[in-house]
Amino acid sequence: QVRLVESGGGLVQAGGSLKLSCAVSGINFKLHELNWYRQVAGEQRELVASITSTGSTSYTESVKGRFTISRNNVWNTVSLQMNSLKPEDTARYYCKTRRQGLDYWGQGTQVTVSP
């Protein structure tokens, strides 16, 4: 059974930092791409950052230079370091992976950035 559990969200002032983590089980972790998405209530889920099995990363334009995605293939975790946070980064953040054509999501963690 594939399971993803996010943690690390919270309330932070603009300009502050948070680090999100996602613990993944039920897959051969090192072989899979991992993604962080975010969603504001009433809006579509947005892809924020991705990391491939070989460690290549990509980011949506609005977070480049501020967010860093990383993975730990020993502990089967993927993290998102978020610096210089802005109020527009407020959202629920989800990690995702895919196995055999199916997407698996965590329950999400809320990030709120106050002005």
# chains A, B, ... in the order shown; residues from 1 in each chain; ligands from 1
>>> residues_around(residues="Ser50 in chain A", least_positions_apart="4", cutoff="8 Å", atoms="only C-alpha atoms", output="list in words")
Glu33, Leu34, Asn35, Trp36, Thr57, Ser58, Tyr59 and Ile69 of chain A
>>> write_last_selection(atoms="C-alpha atoms", output="short mmCIF file (atom, residue, chain, number, x, y, z; two decimals), in the first residue's frame")
data_model
loop_
_atom_site.label_atom_id
_atom_site.label_comp_id
_atom_site.auth_asym_id
_atom_site.auth_seq_id
_atom_site.Cartn_x
_atom_site.Cartn_y
_atom_site.Cartn_z
CA GLU A 33 9.83 10.94 -9.33
CA LEU A 34 8.30 12.97 -6.53
CA ASN A 35 6.33 16.18 -6.72
CA TRP A 36 5.07 18.94 -4.47
CA THR A 57 14.79 19.26 -10.13
CA SER A 58 12.31 21.66 -11.65
CA TYR A 59 10.19 24.47 -10.24
CA ILE A 69 13.13 20.31 -3.32
#
>>> residues_around(residues="Val12 in chain A", least_positions_apart="3", cutoff="8 Å", atoms="only C-alpha atoms", output="list in words")
Gly16, Ser17, Leu18, Val111, Thr112, Val113 and Ser114 of chain A
>>> residues_around(residues="Ala41 in chain A", least_positions_apart="6", cutoff="12 Å", atoms="only C-alpha atoms", output="tab-separated table (two decimals) with all heavy atoms, in the first residue's frame")
chain	number	residue	atom	x	y	z
A	90	THR	N	0.48	31.06	0.39
A	90	THR	CA	-0.50	30.42	1.25
A	90	THR	C	-1.33	29.42	0.47
A	90	THR	O	-1.91	29.73	-0.56
A	90	THR	CB	-1.42	31.48	1.88
A	90	THR	OG1	-0.64	32.32	2.75
A	90	THR	CG2	-2.54	30.83	2.68
A	91	ALA	N	-1.35	28.18	0.95
A	91	ALA	CA	-2.04	27.09	0.26
A	91	ALA	C	-1.89	25.82	1.10
A	91	ALA	O	-1.14	25.79	2.07
A	91	ALA	CB	-1.45	26.86	-1.13
A	92	ARG	N	-2.60	24.81	0.66
A	92	ARG	CA	-2.36	23.48	1.21
A	92	ARG	C	-1.38	22.79	0.28
A	92	ARG	O	-1.58	22.77	-0.95
A	92	ARG	CB	-3.65	22.68	1.34
A	92	ARG	CG	-3.48	21.42	2.17
A	92	ARG	CD	-4.79	20.84	2.62
A	92	ARG	NE	-4.61	19.71	3.51
A	92	ARG	CZ	-4.45	19.83	4.84
A	92	ARG	NH1	-4.48	21.03	5.41
A	92	ARG	NH2	-4.28	18.75	5.59
A	93	TYR	N	-0.33	22.23	0.84
A	93	TYR	CA	0.74	21.62	0.06
A	93	TYR	C	0.65	20.10	0.14
A	93	TYR	O	0.48	19.53	1.24
A	93	TYR	CB	2.11	22.10	0.57
A	93	TYR	CG	2.43	23.51	0.14
A	93	TYR	CD1	1.76	24.60	0.69
A	93	TYR	CD2	3.39	23.76	-0.84
A	93	TYR	CE1	2.04	25.89	0.28
A	93	TYR	CE2	3.67	25.05	-1.25
A	93	TYR	CZ	3.00	26.11	-0.68
A	93	TYR	OH	3.28	27.40	-1.08
A	110	GLN	N	-1.05	22.45	5.64
A	110	GLN	CA	-1.41	23.83	5.37
A	110	GLN	C	-0.24	24.77	5.65
A	110	GLN	O	0.40	24.68	6.70
A	110	GLN	CB	-2.61	24.25	6.23
A	110	GLN	CG	-3.06	25.67	6.06
A	110	GLN	CD	-3.64	25.94	4.68
A	110	GLN	OE1	-4.28	25.07	4.08
A	110	GLN	NE2	-3.42	27.14	4.16
>>> residues_around(residues="Gln107 in chain A", least_positions_apart="2", cutoff="9 Å", atoms="only C-alpha atoms", output="JSON list (two decimals) with N, CA, C and O atoms, in the first residue's frame")
[["chain", "number", "residue", "atom", "x", "y", "z"],
["A", 4, "LEU", "N", 1.71, 8.36, 1.64],
["A", 4, "LEU", "CA", 2.50, 9.58, 1.72],
["A", 4, "LEU", "C", 1.95, 10.42, 2.87],
["A", 4, "LEU", "O", 0.74, 10.63, 2.95],
["A", 5, "VAL", "N", 2.84, 10.90, 3.72],
["A", 5, "VAL", "CA", 2.42, 11.68, 4.89],
["A", 5, "VAL", "C", 3.25, 12.94, 4.95],
["A", 5, "VAL", "O", 4.47, 12.88, 5.18],
["A", 6, "GLU", "N", 2.59, 14.09, 4.78],
["A", 6, "GLU", "CA", 3.27, 15.38, 4.83],
["A", 6, "GLU", "C", 3.30, 15.92, 6.25],
["A", 6, "GLU", "O", 2.41, 15.62, 7.06],
["A", 93, "TYR", "N", -0.33, 22.23, 0.84],
["A", 93, "TYR", "CA", 0.74, 21.62, 0.06],
["A", 93, "TYR", "C", 0.65, 20.10, 0.14],
["A", 93, "TYR", "O", 0.48, 19.53, 1.24],
["A", 94, "TYR", "N", 0.78, 19.47, -1.01],
["A", 94, "TYR", "CA", 0.65, 18.02, -1.14],
["A", 94, "TYR", "C", 1.89, 17.44, -1.80],
["A", 94, "TYR", "O", 2.42, 18.03, -2.75],
["A", 95, "CYS", "N", 2.32, 16.28, -1.36],
["A", 95, "CYS", "CA", 3.31, 15.54, -2.12],
["A", 95, "CYS", "C", 2.62, 14.43, -2.90],
["A", 95, "CYS", "O", 1.54, 13.96, -2.53],
["A", 105, "TRP", "N", -1.33, 10.47, -3.49],
["A", 105, "TRP", "CA", -1.22, 11.77, -2.84],
["A", 105, "TRP", "C", -1.23, 11.60, -1.32],
["A", 105, "TRP", "O", -1.85, 10.68, -0.79],
["A", 109, "THR", "N", -0.55, 19.47, 3.87],
["A", 109, "THR", "CA", -0.22, 20.24, 5.06],
["A", 109, "THR", "C", -0.42, 21.72, 4.73],
["A", 109, "THR", "O", -0.02, 22.18, 3.65]]
>>> residues_around(residues="Leu80 in chain A", least_positions_apart="3", cutoff="8 Å", atoms="only C-alpha atoms", output="ChimeraX atom specification")
/A:19-21,36,67-70
>>> select_by_dssp(residues="chain A", states="helix (DSSP H, G or I)", output="PyMOL selection string")
chain A and resi 29-31+61-63+87-89
>>> closest_residue(among="A:Gly106, A:Gly101, A:Pro87, A:Gly55", to="Ser25 in chain A", atoms="only C-alpha atoms")
A:Gly106
>>> atom_distance(atom1="CA of Tyr104 in chain A", atom2="CA of Val2 in chain A")
7.0 Å
>>> residues_around(residues="Trp75 in chain A", least_positions_apart="3", cutoff="9 Å", atoms="only C-alpha atoms", output="list in words")
Ala23, Val24, Arg71, Asn72 and Val78 of chain A
>>> write_last_selection(atoms="N, CA and C atoms", output="compact mmCIF listing (two decimals), in the first residue's frame")
# COMPACT_ATOMS: atom_id res chain seq x y z
N ALA A 23 6.94 11.74 4.09
CA ALA A 23 7.42 10.38 4.27
C ALA A 23 6.63 9.46 3.35
N VAL A 24 7.35 8.66 2.58
CA VAL A 24 6.73 7.81 1.56
C VAL A 24 7.01 6.34 1.88
N ARG A 71 15.51 15.07 -1.87
CA ARG A 71 15.04 13.74 -1.50
C ARG A 71 16.11 13.02 -0.71
N ASN A 72 15.67 12.11 0.14
CA ASN A 72 16.57 11.26 0.91
C ASN A 72 16.17 9.83 0.64
N VAL A 78 10.87 13.14 0.96
CA VAL A 78 11.08 14.26 0.05
C VAL A 78 10.74 15.53 0.82
>>> atom_distance(atom1="CA of Gln13 in chain A", atom2="CA of Pro115 in chain A")
6.2 Å
>>> select_by_dssp(residues="range 31-60 of chain A", states="strand (DSSP E)", output="list in words")
Leu34, Asn35, Trp36, Tyr37, Arg38, Gln39, Glu46, Leu47, Val48, Ala49, Ser50, Ile51, Thr57, Ser58 and Tyr59 of chain A
>>> write_last_selection(atoms="C-alpha atoms", output="PDB file, in the first residue's frame")
ATOM      1  CA  LEU A  34       8.299  12.967  -6.528  1.00  0.00           C
ATOM      2  CA  ASN A  35       6.327  16.184  -6.721  1.00  0.00           C
ATOM      3  CA  TRP A  36       5.071  18.939  -4.469  1.00  0.00           C
ATOM      4  CA  TYR A  37       1.765  20.569  -5.394  1.00  0.00           C
ATOM      5  CA  ARG A  38      -0.241  23.277  -3.710  1.00  0.00           C
ATOM      6  CA  GLN A  39      -3.878  24.208  -3.777  1.00  0.00           C
ATOM      7  CA  GLU A  46      -0.641  23.686  -8.959  1.00  0.00           C
ATOM      8  CA  LEU A  47       2.626  21.819  -9.504  1.00  0.00           C
ATOM      9  CA  VAL A  48       5.285  23.580  -7.431  1.00  0.00           C
ATOM     10  CA  ALA A  49       8.410  21.413  -7.661  1.00  0.00           C
ATOM     11  CA  SER A  50       9.574  18.044  -8.926  1.00  0.00           C
ATOM     12  CA  ILE A  51      12.575  15.817  -8.372  1.00  0.00           C
ATOM     13  CA  THR A  57      14.793  19.260 -10.130  1.00  0.00           C
ATOM     14  CA  SER A  58      12.309  21.661 -11.650  1.00  0.00           C
ATOM     15  CA  TYR A  59      10.185  24.467 -10.245  1.00  0.00           C
TER      16      TYR A  59
END
>>> atom_distance(atom1="CA of Gln81 in chain A", atom2="CA of Gly8 in chain A")
10.0 Å
>>> residues_around(residues="range 30-32 of chain A", least_positions_apart="6", cutoff="10 Å", atoms="only C-alpha atoms", output="ChimeraX atom specification")
/A:51-55,71-74,76-77,97-99
>>> closest_residue(among="A:Lys86, A:Gln1, A:Arg45, A:Ile27", to="Gly108 in chain A", atoms="only C-alpha atoms")
A:Arg45
>>> decode(residues="range 80-111 of chain A", atoms="N, CA and C atoms", output="mmCIF file, in the first residue's frame")
data_model
loop_
_atom_site.group_PDB
_atom_site.id
_atom_site.type_symbol
_atom_site.label_atom_id
_atom_site.label_comp_id
_atom_site.auth_asym_id
_atom_site.auth_seq_id
_atom_site.Cartn_x
_atom_site.Cartn_y
_atom_site.Cartn_z
ATOM 1 N N LEU A 80 10.651 20.013 1.013
ATOM 2 C CA LEU A 80 10.543 21.273 0.285
ATOM 3 C C LEU A 80 10.936 22.390 1.250
ATOM 4 N N GLN A 81 12.117 22.942 1.029
ATOM 5 C CA GLN A 81 12.579 24.076 1.809
ATOM 6 C C GLN A 81 12.039 25.344 1.160
ATOM 7 N N MET A 82 11.291 26.122 1.940
ATOM 8 C CA MET A 82 10.649 27.321 1.397
ATOM 9 C C MET A 82 11.182 28.543 2.131
ATOM 10 N N ASN A 83 11.862 29.398 1.407
ATOM 11 C CA ASN A 83 12.427 30.615 1.958
ATOM 12 C C ASN A 83 11.746 31.840 1.345
ATOM 13 N N SER A 84 11.940 32.967 1.997
ATOM 14 C CA SER A 84 11.383 34.243 1.496
ATOM 15 C C SER A 84 9.908 34.091 1.152
ATOM 16 N N LEU A 85 9.177 33.503 2.063
ATOM 17 C CA LEU A 85 7.765 33.206 1.794
ATOM 18 C C LEU A 85 6.958 34.478 1.621
ATOM 19 N N LYS A 86 5.957 34.379 0.753
ATOM 20 C CA LYS A 86 5.076 35.487 0.427
ATOM 21 C C LYS A 86 3.633 35.095 0.764
ATOM 22 N N PRO A 87 2.768 36.068 1.016
ATOM 23 C CA PRO A 87 1.366 35.728 1.286
ATOM 24 C C PRO A 87 0.737 34.884 0.169
ATOM 25 N N GLU A 88 1.172 35.102 -1.056
ATOM 26 C CA GLU A 88 0.606 34.324 -2.162
ATOM 27 C C GLU A 88 1.078 32.867 -2.181
ATOM 28 N N ASP A 89 1.997 32.499 -1.287
ATOM 29 C CA ASP A 89 2.377 31.093 -1.140
ATOM 30 C C ASP A 89 1.414 30.347 -0.224
ATOM 31 N N THR A 90 0.479 31.062 0.388
ATOM 32 C CA THR A 90 -0.496 30.421 1.255
ATOM 33 C C THR A 90 -1.325 29.418 0.469
ATOM 34 N N ALA A 91 -1.347 28.181 0.950
ATOM 35 C CA ALA A 91 -2.044 27.087 0.263
ATOM 36 C C ALA A 91 -1.893 25.823 1.098
ATOM 37 N N ARG A 92 -2.603 24.808 0.663
ATOM 38 C CA ARG A 92 -2.358 23.480 1.212
ATOM 39 C C ARG A 92 -1.375 22.786 0.278
ATOM 40 N N TYR A 93 -0.330 22.228 0.837
ATOM 41 C CA TYR A 93 0.745 21.625 0.060
ATOM 42 C C TYR A 93 0.650 20.100 0.143
ATOM 43 N N TYR A 94 0.775 19.474 -1.014
ATOM 44 C CA TYR A 94 0.649 18.023 -1.136
ATOM 45 C C TYR A 94 1.888 17.438 -1.803
ATOM 46 N N CYS A 95 2.319 16.276 -1.360
ATOM 47 C CA CYS A 95 3.314 15.542 -2.125
ATOM 48 C C CYS A 95 2.615 14.433 -2.904
ATOM 49 N N LYS A 96 3.233 14.079 -4.007
ATOM 50 C CA LYS A 96 2.652 13.106 -4.917
ATOM 51 C C LYS A 96 3.720 12.245 -5.545
ATOM 52 N N THR A 97 3.373 10.994 -5.790
ATOM 53 C CA THR A 97 4.208 10.145 -6.609
ATOM 54 C C THR A 97 3.308 9.320 -7.521
ATOM 55 N N ARG A 98 3.932 8.612 -8.424
ATOM 56 C CA ARG A 98 3.169 7.799 -9.362
ATOM 57 C C ARG A 98 3.800 6.417 -9.432
ATOM 58 N N ARG A 99 2.953 5.424 -9.433
ATOM 59 C CA ARG A 99 3.420 4.045 -9.589
ATOM 60 C C ARG A 99 2.466 3.298 -10.497
ATOM 61 N N GLN A 100 3.005 2.671 -11.500
ATOM 62 C CA GLN A 100 2.222 1.860 -12.439
ATOM 63 C C GLN A 100 1.029 2.652 -12.980
ATOM 64 N N GLY A 101 1.285 3.902 -13.323
ATOM 65 C CA GLY A 101 0.263 4.714 -13.964
ATOM 66 C C GLY A 101 -0.747 5.346 -13.034
ATOM 67 N N LEU A 102 -0.621 5.089 -11.730
ATOM 68 C CA LEU A 102 -1.553 5.661 -10.768
ATOM 69 C C LEU A 102 -0.854 6.722 -9.917
ATOM 70 N N ASP A 103 -1.553 7.822 -9.670
ATOM 71 C CA ASP A 103 -1.037 8.876 -8.814
ATOM 72 C C ASP A 103 -1.444 8.615 -7.363
ATOM 73 N N TYR A 104 -0.498 8.858 -6.477
ATOM 74 C CA TYR A 104 -0.743 8.713 -5.047
ATOM 75 C C TYR A 104 -0.414 10.051 -4.362
ATOM 76 N N TRP A 105 -1.327 10.467 -3.494
ATOM 77 C CA TRP A 105 -1.223 11.766 -2.836
ATOM 78 C C TRP A 105 -1.226 11.601 -1.323
ATOM 79 N N GLY A 106 -0.561 12.556 -0.670
ATOM 80 C CA GLY A 106 -0.716 12.649 0.763
ATOM 81 C C GLY A 106 -1.959 13.443 1.110
ATOM 82 N N GLN A 107 -2.154 13.647 2.403
ATOM 83 C CA GLN A 107 -3.342 14.365 2.871
ATOM 84 C C GLN A 107 -3.140 15.875 2.847
ATOM 85 N N GLY A 108 -1.898 16.296 2.698
ATOM 86 C CA GLY A 108 -1.594 17.718 2.607
ATOM 87 C C GLY A 108 -1.239 18.331 3.944
ATOM 88 N N THR A 109 -0.555 19.469 3.872
ATOM 89 C CA THR A 109 -0.219 20.240 5.062
ATOM 90 C C THR A 109 -0.419 21.719 4.726
ATOM 91 N N GLN A 110 -1.047 22.448 5.638
ATOM 92 C CA GLN A 110 -1.406 23.834 5.374
ATOM 93 C C GLN A 110 -0.242 24.770 5.653
ATOM 94 N N VAL A 111 0.003 25.657 4.714
ATOM 95 C CA VAL A 111 0.987 26.724 4.877
ATOM 96 C C VAL A 111 0.251 28.058 4.772
#
